[in-house]
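Text of my_file_9.pdb (PDB, C-alpha atoms) as supplied:
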```
ATOM      1  CA  MET A1333      15.892 -21.753  14.091
ATOM      2  CA  ALA A1334      17.219 -18.222  13.670
ATOM      3  CA  GLU A1335      20.273 -16.838  15.360
ATOM      4  CA  GLY A1336      19.708 -16.273  19.072
ATOM      5  CA  GLY A1337      17.031 -18.958  19.284
ATOM      6  CA  VAL A1338      14.283 -16.914  17.634
ATOM      7  CA  GLU A1339      11.786 -19.166  15.845
ATOM      8  CA  LEU A1340      10.636 -18.069  12.362
ATOM      9  CA  ASN A1341       7.472 -19.193  10.556
ATOM     10  CA  PRO A1342       7.895 -17.649   7.081
ATOM     11  CA  ALA A1343       5.538 -20.133   5.403
ATOM     12  CA  ILE A1344       2.647 -19.268   7.735
ATOM     13  CA  ASP A1345       3.366 -15.547   7.476
ATOM     14  CA  PHE A1346       3.516 -15.723   3.679
ATOM     15  CA  LEU A1347       0.270 -17.715   3.366
ATOM     16  CA  ALA A1348      -1.614 -15.446   5.753
ATOM     17  CA  GLY A1349      -0.251 -12.317   4.084
ATOM     18  CA  THR A1350      -1.265 -13.549   0.640
ATOM     19  CA  ILE A1351      -4.844 -14.377   1.628
ATOM     20  CA  SER A1352      -5.238 -11.152   3.598
ATOM     21  CA  GLY A1353      -3.851  -9.212   0.635
ATOM     22  CA  ILE A1354      -6.572 -10.561  -1.647
ATOM     23  CA  ALA A1355      -9.265  -9.686   0.900
ATOM     24  CA  GLY A1356      -8.019  -6.124   1.356
ATOM     25  CA  LEU A1357      -7.586  -5.567  -2.377
ATOM     26  CA  VAL A1358     -11.133  -6.571  -3.315
ATOM     27  CA  VAL A1359     -12.664  -4.500  -0.507
ATOM     28  CA  GLY A1360     -10.839  -1.254  -1.263
ATOM     29  CA  TYR A1361     -10.069  -1.247  -4.983
ATOM     30  CA  PRO A1362     -12.919   1.095  -6.081
ATOM     31  CA  PHE A1363     -11.559   3.802  -3.793
ATOM     32  CA  ASP A1364      -8.059   3.228  -5.160
ATOM     33  CA  THR A1365      -9.368   3.881  -8.677
ATOM     34  CA  VAL A1366     -10.928   7.132  -7.461
ATOM     35  CA  LYS A1367      -7.640   8.124  -5.786
ATOM     36  CA  VAL A1368      -5.665   7.620  -8.986
ATOM     37  CA  ARG A1369      -8.215   9.638 -10.998
ATOM     38  CA  PHE A1370      -7.937  12.517  -8.500
ATOM     39  CA  GLN A1371      -4.134  12.456  -8.649
ATOM     40  CA  ASP A1372      -3.998  12.428 -12.471
ATOM     41  CA  PRO A1373      -3.405  16.054 -13.595
ATOM     42  CA  THR A1374      -5.236  15.451 -16.890
ATOM     43  CA  MET A1375      -8.445  14.694 -14.958
ATOM     44  CA  HIS A1376      -8.207  17.602 -12.529
ATOM     45  CA  GLY A1377     -11.693  19.071 -11.991
ATOM     46  CA  LYS A1378     -13.564  16.154 -13.572
ATOM     47  CA  TYR A1379     -14.839  14.899 -10.210
ATOM     48  CA  SER A1380     -16.103  17.135  -7.411
ATOM     49  CA  SER A1381     -15.977  14.593  -4.578
ATOM     50  CA  THR A1382     -15.330  10.953  -3.780
ATOM     51  CA  MET A1383     -19.003  10.012  -4.097
ATOM     52  CA  ASN A1384     -19.320  12.011  -7.318
ATOM     53  CA  ALA A1385     -16.307  10.190  -8.734
ATOM     54  CA  LEU A1386     -17.733   6.789  -7.819
ATOM     55  CA  GLY A1387     -21.092   7.667  -9.389
ATOM     56  CA  THR A1388     -19.550   9.165 -12.528
ATOM     57  CA  ILE A1389     -17.267   6.190 -13.133
ATOM     58  CA  ILE A1390     -20.190   3.765 -12.722
ATOM     59  CA  LYS A1391     -22.352   5.874 -15.069
ATOM     60  CA  GLU A1392     -19.712   6.301 -17.784
ATOM     61  CA  GLU A1393     -17.777   3.031 -17.481
ATOM     62  CA  ARG A1394     -20.224   0.750 -15.650
ATOM     63  CA  PHE A1395     -19.539  -0.841 -12.280
ATOM     64  CA  ILE A1396     -16.633  -2.821 -13.702
ATOM     65  CA  GLY A1397     -14.867   0.501 -14.343
ATOM     66  CA  LEU A1398     -14.182   0.763 -10.607
ATOM     67  CA  TYR A1399     -12.130  -2.429 -10.865
ATOM     68  CA  LYS A1400     -10.199  -1.438 -13.965
ATOM     69  CA  GLY A1401      -6.631  -2.723 -13.713
ATOM     70  CA  ILE A1402      -7.287  -5.096 -10.815
ATOM     71  CA  THR A1403      -5.757  -8.059 -12.673
ATOM     72  CA  SER A1404      -2.206  -6.863 -12.102
ATOM     73  CA  PRO A1405      -2.605  -6.356  -8.328
ATOM     74  CA  LEU A1406      -4.495  -9.642  -7.981
ATOM     75  CA  ALA A1407      -1.653 -11.477  -9.659
ATOM     76  CA  THR A1408       1.143  -9.843  -7.648
ATOM     77  CA  THR A1409      -0.019  -7.619  -4.800
ATOM     78  CA  ALA A1410      -1.484 -10.557  -2.899
ATOM     79  CA  LEU A1411       1.947 -12.182  -2.962
ATOM     80  CA  MET A1412       3.472  -8.783  -2.214
ATOM     81  CA  ASN A1413       1.447  -8.630   1.009
ATOM     82  CA  GLY A1414       2.778 -12.057   1.872
ATOM     83  CA  LEU A1415       6.300 -10.747   1.289
ATOM     84  CA  VAL A1416       5.585  -7.670   3.425
ATOM     85  CA  PHE A1417       4.334  -9.664   6.400
ATOM     86  CA  ALA A1418       7.040 -12.324   6.120
ATOM     87  CA  SER A1419       9.886  -9.823   5.763
ATOM     88  CA  TYR A1420       8.408  -7.693   8.562
ATOM     89  CA  ARG A1421       8.399 -10.600  10.978
ATOM     90  CA  PHE A1422      11.928 -11.600   9.899
ATOM     91  CA  LEU A1423      13.357  -8.069  10.220
ATOM     92  CA  MET A1424      11.668  -7.603  13.578
ATOM     93  CA  LYS A1425      12.955 -10.872  15.001
ATOM     94  CA  ILE A1426      16.580 -10.417  13.914
ATOM     95  CA  GLN A1427      16.633  -7.307  16.107
ATOM     96  CA  LEU A1428      15.785  -9.398  19.186
ATOM     97  CA  ASP A1429      18.351 -11.152  21.362
ATOM     98  CA  ASN A1430      16.111 -14.137  22.044
ATOM     99  CA  GLY A1431      12.599 -15.464  21.666
ATOM    100  CA  ASN A1432      11.464 -14.005  25.009
ATOM    101  CA  ALA A1433      12.588 -10.447  24.250
ATOM    102  CA  ILE A1434       9.859  -7.837  23.894
ATOM    103  CA  PRO A1435      10.217  -5.848  20.638
ATOM    104  CA  THR A1436       9.964  -2.110  21.150
ATOM    105  CA  LEU A1437       7.702   0.000  18.978
ATOM    106  CA  THR A1438      10.831   1.518  17.435
ATOM    107  CA  GLN A1439      12.048  -1.929  16.404
ATOM    108  CA  ILE A1440       8.620  -2.667  14.962
ATOM    109  CA  ALA A1441       8.661   0.588  12.979
ATOM    110  CA  LEU A1442      12.131  -0.157  11.592
ATOM    111  CA  ALA A1443      11.074  -3.658  10.569
ATOM    112  CA  GLY A1444       7.977  -2.250   8.899
ATOM    113  CA  ALA A1445       9.939   0.362   6.940
ATOM    114  CA  GLY A1446      12.420  -2.282   5.836
ATOM    115  CA  SER A1447       9.648  -4.596   4.656
ATOM    116  CA  GLY A1448       8.207  -1.752   2.592
ATOM    117  CA  ILE A1449      11.525  -1.159   0.849
ATOM    118  CA  ILE A1450      11.856  -4.877   0.086
ATOM    119  CA  SER A1451       8.313  -5.102  -1.276
ATOM    120  CA  SER A1452       8.830  -2.147  -3.651
ATOM    121  CA  ILE A1453      10.636  -4.541  -5.995
ATOM    122  CA  ILE A1454       7.234  -6.101  -6.677
ATOM    123  CA  THR A1455       5.072  -3.058  -6.003
ATOM    124  CA  THR A1456       6.695  -0.802  -8.623
ATOM    125  CA  PRO A1457       5.876  -2.735 -11.825
ATOM    126  CA  THR A1458       2.525  -3.859 -10.428
ATOM    127  CA  GLU A1459       1.322  -0.348  -9.663
ATOM    128  CA  LEU A1460       2.791   1.042 -12.881
ATOM    129  CA  ILE A1461       0.526  -1.222 -14.932
ATOM    130  CA  LYS A1462      -2.418  -0.662 -12.589
ATOM    131  CA  ILE A1463      -2.169   3.119 -12.746
ATOM    132  CA  ARG A1464      -1.905   3.152 -16.561
ATOM    133  CA  GLN A1465      -5.082   1.061 -16.767
ATOM    134  CA  GLN A1466      -6.959   3.116 -14.182
ATOM    135  CA  GLN A1467      -6.230   6.307 -16.110
ATOM    136  CA  MET A1468      -7.665   4.894 -19.342
ATOM    137  CA  LEU A1469     -11.328   5.624 -20.001
ATOM    138  CA  THR A1470     -11.516   2.721 -22.481
ATOM    139  CA  PRO A1471     -11.056  -0.980 -21.643
ATOM    140  CA  SER A1472      -7.529  -2.383 -21.815
ATOM    141  CA  SER A1473      -5.846  -5.617 -20.803
ATOM    142  CA  THR A1474      -3.010  -5.955 -18.334
ATOM    143  CA  ARG A1475      -0.948  -7.827 -20.930
ATOM    144  CA  ASP A1476      -1.375  -5.126 -23.590
ATOM    145  CA  VAL A1477      -0.352  -2.355 -21.193
ATOM    146  CA  ALA A1478       2.671  -4.300 -19.939
ATOM    147  CA  MET A1479       3.847  -5.200 -23.456
ATOM    148  CA  SER A1480       3.440  -1.596 -24.611
ATOM    149  CA  ILE A1481       5.703  -0.389 -21.794
ATOM    150  CA  ILE A1482       8.301  -3.082 -22.464
ATOM    151  CA  ARG A1483       8.332  -2.427 -26.228
ATOM    152  CA  THR A1484       8.837   1.295 -25.686
ATOM    153  CA  HIS A1485      11.173   1.395 -22.683
ATOM    154  CA  GLY A1486      12.304  -2.188 -22.100
ATOM    155  CA  ILE A1487      12.247  -4.021 -18.759
ATOM    156  CA  ARG A1488      13.762  -0.941 -17.143
ATOM    157  CA  GLY A1489      10.573   0.931 -18.004
ATOM    158  CA  MET A1490       8.607  -1.406 -15.736
ATOM    159  CA  TYR A1491      10.565  -0.007 -12.788
ATOM    160  CA  ARG A1492       9.829   3.628 -13.443
ATOM    161  CA  GLY A1493       9.327   5.330 -10.089
ATOM    162  CA  LEU A1494      11.181   2.699  -8.031
ATOM    163  CA  PRO A1495      12.956   5.184  -5.684
ATOM    164  CA  VAL A1496       9.791   7.118  -4.833
ATOM    165  CA  THR A1497       7.862   3.854  -4.445
ATOM    166  CA  ALA A1498      10.448   2.571  -1.961
ATOM    167  CA  LEU A1499      10.271   5.844  -0.022
ATOM    168  CA  ARG A1500       6.473   5.766   0.013
ATOM    169  CA  ASP A1501       6.437   2.172   1.197
ATOM    170  CA  CYS A1502       8.566   3.098   4.199
ATOM    171  CA  GLY A1503       5.114   4.053   5.476
ATOM    172  CA  TYR A1504       4.767   0.416   6.490
ATOM    173  CA  GLY A1505       6.824   1.480   9.502
ATOM    174  CA  ALA A1506       3.980   3.691  10.719
ATOM    175  CA  TYR A1507       1.514   1.031   9.554
ATOM    176  CA  PHE A1508       2.845  -1.744  11.791
ATOM    177  CA  TRP A1509       3.723   0.677  14.605
ATOM    178  CA  ALA A1510       0.107   1.882  14.828
ATOM    179  CA  TYR A1511      -1.266  -1.659  14.716
ATOM    180  CA  GLU A1512       1.015  -2.975  17.455
ATOM    181  CA  ALA A1513       0.637   0.142  19.616
ATOM    182  CA  THR A1514      -3.166  -0.101  19.486
ATOM    183  CA  CYS A1515      -3.169  -3.822  20.276
ATOM    184  CA  ARG A1516      -0.800  -3.326  23.187
ATOM    185  CA  TYR A1517      -2.809  -0.421  24.568
ATOM    186  CA  PHE A1518      -6.027  -2.448  24.663
ATOM    187  CA  THR A1519      -4.425  -5.748  25.686
ATOM    188  CA  THR A1520      -3.856  -6.678  29.307
ATOM    189  CA  PRO A1521      -0.302  -7.976  29.963
ATOM    190  CA  THR A1522       0.006 -11.039  32.123
ATOM    191  CA  LEU A1523       2.896 -12.642  33.969
ATOM    192  CA  GLU A1524       1.245 -16.052  33.981
ATOM    193  CA  ALA A1525       2.150 -18.833  31.593
ATOM    194  CA  PRO A1526       0.166 -18.843  28.319
ATOM    195  CA  ALA A1527      -3.044 -20.814  28.692
ATOM    196  CA  ASP A1528      -3.380 -22.140  25.161
ATOM    197  CA  GLU A1529      -1.634 -22.468  21.821
ATOM    198  CA  ILE A1530      -2.866 -19.119  20.526
ATOM    199  CA  GLN A1531      -1.179 -17.304  23.384
ATOM    200  CA  LEU A1532       1.960 -19.377  22.814
ATOM    201  CA  LEU A1533       1.924 -18.191  19.209
ATOM    202  CA  LEU A1534       1.558 -14.555  20.263
ATOM    203  CA  ARG A1535       4.478 -14.963  22.661
ATOM    204  CA  GLU A1536       6.596 -16.398  19.852
ATOM    205  CA  VAL A1537       5.603 -13.696  17.382
ATOM    206  CA  ASP A1538       5.661 -10.685  19.649
ATOM    207  CA  GLY A1539       8.183 -11.811  22.241
ATOM    208  CA  GLU A1540       5.897 -10.936  25.131
ATOM    209  CA  MET A1541       3.274 -12.620  27.258
ATOM    210  CA  ARG A1542      -0.099 -11.007  26.899
ATOM    211  CA  SER A1543      -3.748 -11.905  26.478
ATOM    212  CA  VAL A1544      -5.144 -12.373  22.991
ATOM    213  CA  PRO A1545      -6.644  -9.137  21.579
ATOM    214  CA  GLY A1546     -10.312  -9.408  20.668
ATOM    215  CA  TRP A1547     -11.694  -8.962  17.160
ATOM    216  CA  ALA A1548     -12.899  -5.453  17.969
ATOM    217  CA  VAL A1549      -9.383  -4.445  18.996
ATOM    218  CA  MET A1550      -7.843  -6.021  15.905
ATOM    219  CA  MET A1551     -10.304  -4.245  13.609
ATOM    220  CA  LEU A1552      -9.701  -0.915  15.340
ATOM    221  CA  ALA A1553      -5.946  -1.451  15.140
ATOM    222  CA  GLY A1554      -6.202  -2.347  11.460
ATOM    223  CA  GLY A1555      -8.153   0.798  10.640
ATOM    224  CA  LEU A1556      -5.761   3.050  12.567
ATOM    225  CA  ALA A1557      -2.774   1.328  10.962
ATOM    226  CA  GLY A1558      -4.085   2.100   7.493
ATOM    227  CA  ILE A1559      -4.681   5.758   8.328
ATOM    228  CA  ALA A1560      -1.245   6.130   9.957
ATOM    229  CA  GLY A1561       0.520   4.496   7.028
ATOM    230  CA  TRP A1562      -1.072   6.797   4.455
ATOM    231  CA  MET A1563      -0.878  10.026   6.468
ATOM    232  CA  THR A1564       2.908   9.745   6.793
ATOM    233  CA  THR A1565       3.683   9.159   3.114
ATOM    234  CA  PHE A1566       0.703  10.341   1.046
ATOM    235  CA  PRO A1567       2.531  13.205  -0.733
ATOM    236  CA  LEU A1568       5.015  10.641  -2.041
ATOM    237  CA  ASP A1569       2.118   8.577  -3.378
ATOM    238  CA  VAL A1570       0.928  11.577  -5.400
ATOM    239  CA  VAL A1571       4.428  11.978  -6.849
ATOM    240  CA  LYS A1572       4.602   8.269  -7.633
ATOM    241  CA  THR A1573       1.228   8.271  -9.395
ATOM    242  CA  ARG A1574       2.195  11.216 -11.577
ATOM    243  CA  MET A1575       5.535   9.711 -12.514
ATOM    244  CA  GLN A1576       4.126   6.279 -13.291
ATOM    245  CA  GLY A1577       1.075   7.660 -15.059
ATOM    246  CA  HIS A1578       3.258   9.364 -17.676
ATOM    247  CA  SER A1579       6.234   8.089 -19.644
ATOM    248  CA  PRO A1580       9.471  10.128 -19.327
ATOM    249  CA  ASP A1581       8.950  11.480 -22.856
ATOM    250  CA  MET A1582       5.195  12.054 -22.515
ATOM    251  CA  ILE A1583       3.923  15.621 -22.146
ATOM    252  CA  PRO A1584       0.495  15.368 -20.474
ATOM    253  CA  ARG A1585      -2.544  17.199 -21.817
ATOM    254  CA  SER A1586      -3.267  20.078 -19.459
ATOM    255  CA  SER A1587      -4.896  23.458 -19.331
ATOM    256  CA  THR A1588      -1.974  24.727 -17.255
ATOM    257  CA  PRO A1589       0.172  27.104 -19.370
ATOM    258  CA  LEU A1590       3.412  25.977 -17.740
ATOM    259  CA  LEU A1591       2.739  22.418 -18.839
ATOM    260  CA  GLN A1592       1.619  23.422 -22.335
ATOM    261  CA  ASN A1593       4.881  25.275 -22.976
ATOM    262  CA  SER A1594       7.102  22.575 -21.467
ATOM    263  CA  ALA A1595       9.597  21.005 -23.878
ATOM    264  CA  GLU A1596       9.622  17.737 -21.947
ATOM    265  CA  SER A1597       7.484  15.870 -19.453
ATOM    266  CA  PRO A1598       7.349  17.670 -16.081
ATOM    267  CA  TYR A1599       7.063  14.228 -14.454
ATOM    268  CA  LYS A1600      10.331  12.785 -15.743
ATOM    269  CA  THR A1601      12.077  12.574 -12.360
ATOM    270  CA  MET A1602      11.007  12.546  -8.720
ATOM    271  CA  CYS A1603      12.478  15.980  -7.973
ATOM    272  CA  GLY A1604      11.089  17.386 -11.220
ATOM    273  CA  THR A1605       7.629  16.055 -10.397
ATOM    274  CA  ILE A1606       7.701  17.630  -6.934
ATOM    275  CA  VAL A1607       8.880  21.017  -8.216
ATOM    276  CA  ASN A1608       6.522  21.195 -11.180
ATOM    277  CA  SER A1609       3.508  20.005  -9.207
ATOM    278  CA  PHE A1610       4.143  22.594  -6.497
ATOM    279  CA  LYS A1611       4.721  25.427  -8.974
ATOM    280  CA  THR A1612       1.606  24.759 -11.027
ATOM    281  CA  GLU A1613      -0.893  23.568  -8.405
ATOM    282  CA  GLY A1614       0.409  24.569  -4.983
ATOM    283  CA  VAL A1615       1.013  22.511  -1.868
ATOM    284  CA  GLY A1616      -2.559  21.191  -1.886
ATOM    285  CA  VAL A1617      -1.763  18.945  -4.844
ATOM    286  CA  PHE A1618       0.254  16.645  -2.596
ATOM    287  CA  PHE A1619      -2.904  15.749  -0.680
ATOM    288  CA  ARG A1620      -5.202  15.319  -3.666
ATOM    289  CA  GLY A1621      -7.081  12.049  -3.350
ATOM    290  CA  LEU A1622      -6.488  11.813   0.397
ATOM    291  CA  ALA A1623     -10.219  11.584   1.231
ATOM    292  CA  PRO A1624     -10.973   8.398  -0.754
ATOM    293  CA  THR A1625      -7.670   6.953   0.461
ATOM    294  CA  LEU A1626      -8.549   7.409   4.136
ATOM    295  CA  ILE A1627     -12.082   6.115   3.532
ATOM    296  CA  ARG A1628     -10.560   3.098   1.803
ATOM    297  CA  ALA A1629      -7.886   2.568   4.466
ATOM    298  CA  ILE A1630     -10.326   1.678   7.233
ATOM    299  CA  PRO A1631     -12.241  -1.250   5.660
ATOM    300  CA  VAL A1632      -9.188  -2.462   3.711
ATOM    301  CA  ASN A1633      -6.928  -2.733   6.724
ATOM    302  CA  ILE A1634      -9.636  -4.123   8.959
ATOM    303  CA  ALA A1635     -10.119  -6.870   6.369
ATOM    304  CA  THR A1636      -6.362  -7.329   5.910
ATOM    305  CA  PHE A1637      -5.382  -7.643   9.563
ATOM    306  CA  ALA A1638      -8.469  -9.607  10.605
ATOM    307  CA  THR A1639      -7.895 -12.100   7.791
ATOM    308  CA  PHE A1640      -4.182 -12.324   8.573
ATOM    309  CA  GLU A1641      -4.740 -13.051  12.259
ATOM    310  CA  ALA A1642      -7.513 -15.543  11.468
ATOM    311  CA  VAL A1643      -5.325 -17.500   9.026
ATOM    312  CA  VAL A1644      -2.329 -17.511  11.404
ATOM    313  CA  HIS A1645      -4.454 -18.806  14.274
ATOM    314  CA  ALA A1646      -6.195 -21.359  12.042
ATOM    315  CA  VAL A1647      -3.058 -23.005  10.652
ATOM    316  CA  SER A1648      -0.793 -22.709  13.714
TER     317      SER A1648
END
```

Could you write out this file's structure as C-alpha cells?
Amino acid sequence: MAEGGVELNPAIDFLAGTISGIAGLVVGYPFDTVKVRFQDPTMHGKYSSTMNALGTIIKEERFIGLYKGITSPLATTALMNGLVFASYRFLMKIQLDNGNAIPTLTQIALAGAGSGIISSIITTPTELIKIRQQQMLTPSSTRDVAMSIIRTHGIRGMYRGLPVTALRDCGYGAYFWAYEATCRYFTTPTLEAPADEIQLLLREVDGEMRSVPGWAVMMLAGGLAGIAGWMTTFPLDVVKTRMQGHSPDMIPRSSTPLLQNSAESPYKTMCGTIVNSFKTEGVGVFFRGLAPTLIRAIPVNIATFATFEAVVHAVS
C-alpha cells in the first residue's frame, strides 16, 4: 500500500511492460535500422527513401541486415520497457491524494517524462551498442562491440550521450499523454459501480470510473502515442545517434569540407553536435530519418500497448 491508500502493482506492470517491449521491438526494428542509417552523416545520400533503404539493405546485407544489433535491445530494452511502465505508474500514483482521484493529463505527462529519465540509465548503453552495430556494413557481435568500447573508454564510455538520451526520453511524457487522452476521448465515463474485475482494475490504475476502451481505441491510441512521442523529441534523437555513433576522438569520414578540416570530432559534445550539424547540413538534418520513424511508430506502439493491456488484464 502506497502513501495515501494508492495501490501499486509493480510486478504486473513490469511483466506486461517487458512482454510488450519484446513485441514492439520485433515489429519495428527494421525501420529503426533505416532511421539510424539516415542519421549517420557518413551514409548521407546512400539511400533515397525509406523503401529504397529497406531494399538496399536486404540486397547488400540480406534480410538479417535489417535486424543487425537487435541482440542488445532484446537483452535490455524489453526490461527497459518494463521499467518505463512500472516507473510511470508509480510516478503517476504518488501525485494522487487517494486511489479514487482522477489523474490529470498534466500529471500523466509529468509521470511519463520522469519515467523516460529513469529509463535512460538502461537505454544509453543499450542504444550505444545497437547504433554502433547498425552502422557497420559487416557482421559484428554485441559482445565484441561492447568490449571494444570498454577497452577504449572504460565503463564511462558505455554512457556516452546520457544527457541527450535523458532529454530525448522525456518524450515519454507526450507518449503517455497522447495515449491517455485518446482513450479518454473515445471512452464513455460512467457514475455506476464497475461491473467486473477489468473495470475495477482500470479504476485502480487510472483513478476514475469509466468503461473499458475497445481494442480499436487502444490500437489508435497506441499509434498516436508513438507519433506524439517522436514528434516532440526527434531532433534530440538525431543528436544522440550522431554522438553515440562516433567516439569522442573519432573524426567521421565525410565529403563535407568543414568536417575534413576539423582537428577533433564534431560530435564530441551535445552542444558541439548541434552546432556542427546545423552549420554543415542546415536545420533539415534534425529531421533526417523522421519518415521511417513515424512509419515504425504506428505498428510498434499498437503492438506495445495492445500487448501491455492484454497481459495486465490476463494476469489481474

ask   = Hey, which of A:Leu1423, A:Thr1436, A:Gly1349, A:Ser1579 ends up closest to Arg1516 in chain A? Count all atoms listed in the file.
value = A:Thr1436

ask   = Between A:Thr1497, A:Ser1609, A:Asn1384, A:Thr1350, which one has atoms that come closest to Ala1407 in chain A, using all atoms listed in the file?
value =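 When distances to Ala1407 in chain A are compared using all atoms listed in the file, the smallest one comes from A:Thr1350.
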
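Proximity to Pro1580 in chain A was assessed for A:Leu1568, A:Ile1481, A:Leu1552, A:Ala1385 counting all atoms listed in the file; the smallest distance is recorded for A:Ile1481.
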
Could you tell me which residues the PyMOL selection byres ((chain A and resi 1392-1398) around 9) returns for this structure, as a PDB file with C-alpha atoms, keeping the file's coordinate frame?
```pdb
ATOM      1  CA  TYR A1361     -10.069  -1.247  -4.983  1.00  0.00           C
ATOM      2  CA  PRO A1362     -12.919   1.095  -6.081  1.00  0.00           C
ATOM      3  CA  PHE A1363     -11.559   3.802  -3.793  1.00  0.00           C
ATOM      4  CA  ASP A1364      -8.059   3.228  -5.160  1.00  0.00           C
ATOM      5  CA  THR A1365      -9.368   3.881  -8.677  1.00  0.00           C
ATOM      6  CA  VAL A1366     -10.928   7.132  -7.461  1.00  0.00           C
ATOM      7  CA  LEU A1386     -17.733   6.789  -7.819  1.00  0.00           C
ATOM      8  CA  GLY A1387     -21.092   7.667  -9.389  1.00  0.00           C
ATOM      9  CA  THR A1388     -19.550   9.165 -12.528  1.00  0.00           C
ATOM     10  CA  ILE A1389     -17.267   6.190 -13.133  1.00  0.00           C
ATOM     11  CA  ILE A1390     -20.190   3.765 -12.722  1.00  0.00           C
ATOM     12  CA  LYS A1391     -22.352   5.874 -15.069  1.00  0.00           C
ATOM     13  CA  TYR A1399     -12.130  -2.429 -10.865  1.00  0.00           C
ATOM     14  CA  LYS A1400     -10.199  -1.438 -13.965  1.00  0.00           C
ATOM     15  CA  GLY A1401      -6.631  -2.723 -13.713  1.00  0.00           C
ATOM     16  CA  GLN A1466      -6.959   3.116 -14.182  1.00  0.00           C
ATOM     17  CA  LEU A1469     -11.328   5.624 -20.001  1.00  0.00           C
ATOM     18  CA  THR A1470     -11.516   2.721 -22.481  1.00  0.00           C
ATOM     19  CA  PRO A1471     -11.056  -0.980 -21.643  1.00  0.00           C
TER      20      PRO A1471
END
```

ask   = Nearest to Met1575 in chain A: which of A:Arg1483, A:Arg1628, A:Lys1611, A:Arg1464 is it, counting only C-alpha atoms?
value =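 Smallest distance to Met1575 in chain A is found for A:Arg1464.
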
message = What does the structure give for the distance between CA of Val1496 in chain A and CA of Thr1514 in chain A, in Å to one decimal?
response =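 Separation between CA of Val1496 in chain A and CA of Thr1514 in chain A: 28.5 Å.
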
task = Could you tell me which residues the PyMOL selection byres ((chain A and resi 1644) around 12) grabs in this file, written as number ranges by chain?
result = A: 1341-1352, 1417-1418, 1529-1530, 1533-1534, 1537, 1637-1643, 1645-1648

Report the residues retrieved by the PyMOL selection byres ((chain A and resi 1512) around 10) from the displayed file, expressed as a PDB file with C-alpha atoms, in the frame of the given file.
```pdb
ATOM      1  CA  THR A1436       9.964  -2.110  21.150  1.00  0.00           C
ATOM      2  CA  LEU A1437       7.702   0.000  18.978  1.00  0.00           C
ATOM      3  CA  ILE A1440       8.620  -2.667  14.962  1.00  0.00           C
ATOM      4  CA  ALA A1441       8.661   0.588  12.979  1.00  0.00           C
ATOM      5  CA  ALA A1506       3.980   3.691  10.719  1.00  0.00           C
ATOM      6  CA  TYR A1507       1.514   1.031   9.554  1.00  0.00           C
ATOM      7  CA  PHE A1508       2.845  -1.744  11.791  1.00  0.00           C
ATOM      8  CA  TRP A1509       3.723   0.677  14.605  1.00  0.00           C
ATOM      9  CA  ALA A1510       0.107   1.882  14.828  1.00  0.00           C
ATOM     10  CA  TYR A1511      -1.266  -1.659  14.716  1.00  0.00           C
ATOM     11  CA  ALA A1513       0.637   0.142  19.616  1.00  0.00           C
ATOM     12  CA  THR A1514      -3.166  -0.101  19.486  1.00  0.00           C
ATOM     13  CA  CYS A1515      -3.169  -3.822  20.276  1.00  0.00           C
ATOM     14  CA  ARG A1516      -0.800  -3.326  23.187  1.00  0.00           C
ATOM     15  CA  TYR A1517      -2.809  -0.421  24.568  1.00  0.00           C
ATOM     16  CA  ASP A1538       5.661 -10.685  19.649  1.00  0.00           C
ATOM     17  CA  MET A1550      -7.843  -6.021  15.905  1.00  0.00           C
ATOM     18  CA  ALA A1553      -5.946  -1.451  15.140  1.00  0.00           C
ATOM     19  CA  GLY A1554      -6.202  -2.347  11.460  1.00  0.00           C
ATOM     20  CA  ALA A1557      -2.774   1.328  10.962  1.00  0.00           C
TER      21      ALA A1557
END
```

request  = Report the distance between CA of Gly1505 in chain A and CA of Ala1433 in chain A in Å, rounded to one decimal place.
outcome  =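 Answer for the CA of Gly1505 in chain A to CA of Ala1433 in chain A separation: 19.8 Å.
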
Listed atoms of range 1567-1573 of chain A, axis-aligned box, 4 Å per side: centre and edge lengths to one decimal in Å, as JSON?
```
{"center_x": 3.0, "center_y": 10.7, "center_z": -5.1, "size_x": 12.1, "size_y": 12.9, "size_z": 16.7}
```

remark   = A straight line from CA of Ala1443 in chain A to CA of Thr1455 in chain A spans 17.6 Å

ask   = Nearest to Thr1612 in chain A among A:Val1359, A:Thr1403, A:Arg1492, A:Pro1373, with distances taken over only C-alpha atoms: which residue is it?
value =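 Closest candidate: A:Pro1373.
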
List as an mmCIF file with C-alpha atoms, in the coordinates of the input the protein and nucleic acid residues near Ser1452 in chain A, meaning an atom at most 7 Å away when all atoms listed in the file are counted, but skip any in the same chain fewer than 4 places from it.
```
data_model
loop_
_atom_site.group_PDB
_atom_site.id
_atom_site.type_symbol
_atom_site.label_atom_id
_atom_site.label_comp_id
_atom_site.auth_asym_id
_atom_site.auth_seq_id
_atom_site.Cartn_x
_atom_site.Cartn_y
_atom_site.Cartn_z
ATOM 1 C CA GLY A 1448 8.207 -1.752 2.592
ATOM 2 C CA THR A 1456 6.695 -0.802 -8.623
ATOM 3 C CA LEU A 1494 11.181 2.699 -8.031
ATOM 4 C CA THR A 1497 7.862 3.854 -4.445
ATOM 5 C CA ALA A 1498 10.448 2.571 -1.961
ATOM 6 C CA ASP A 1501 6.437 2.172 1.197
#
```
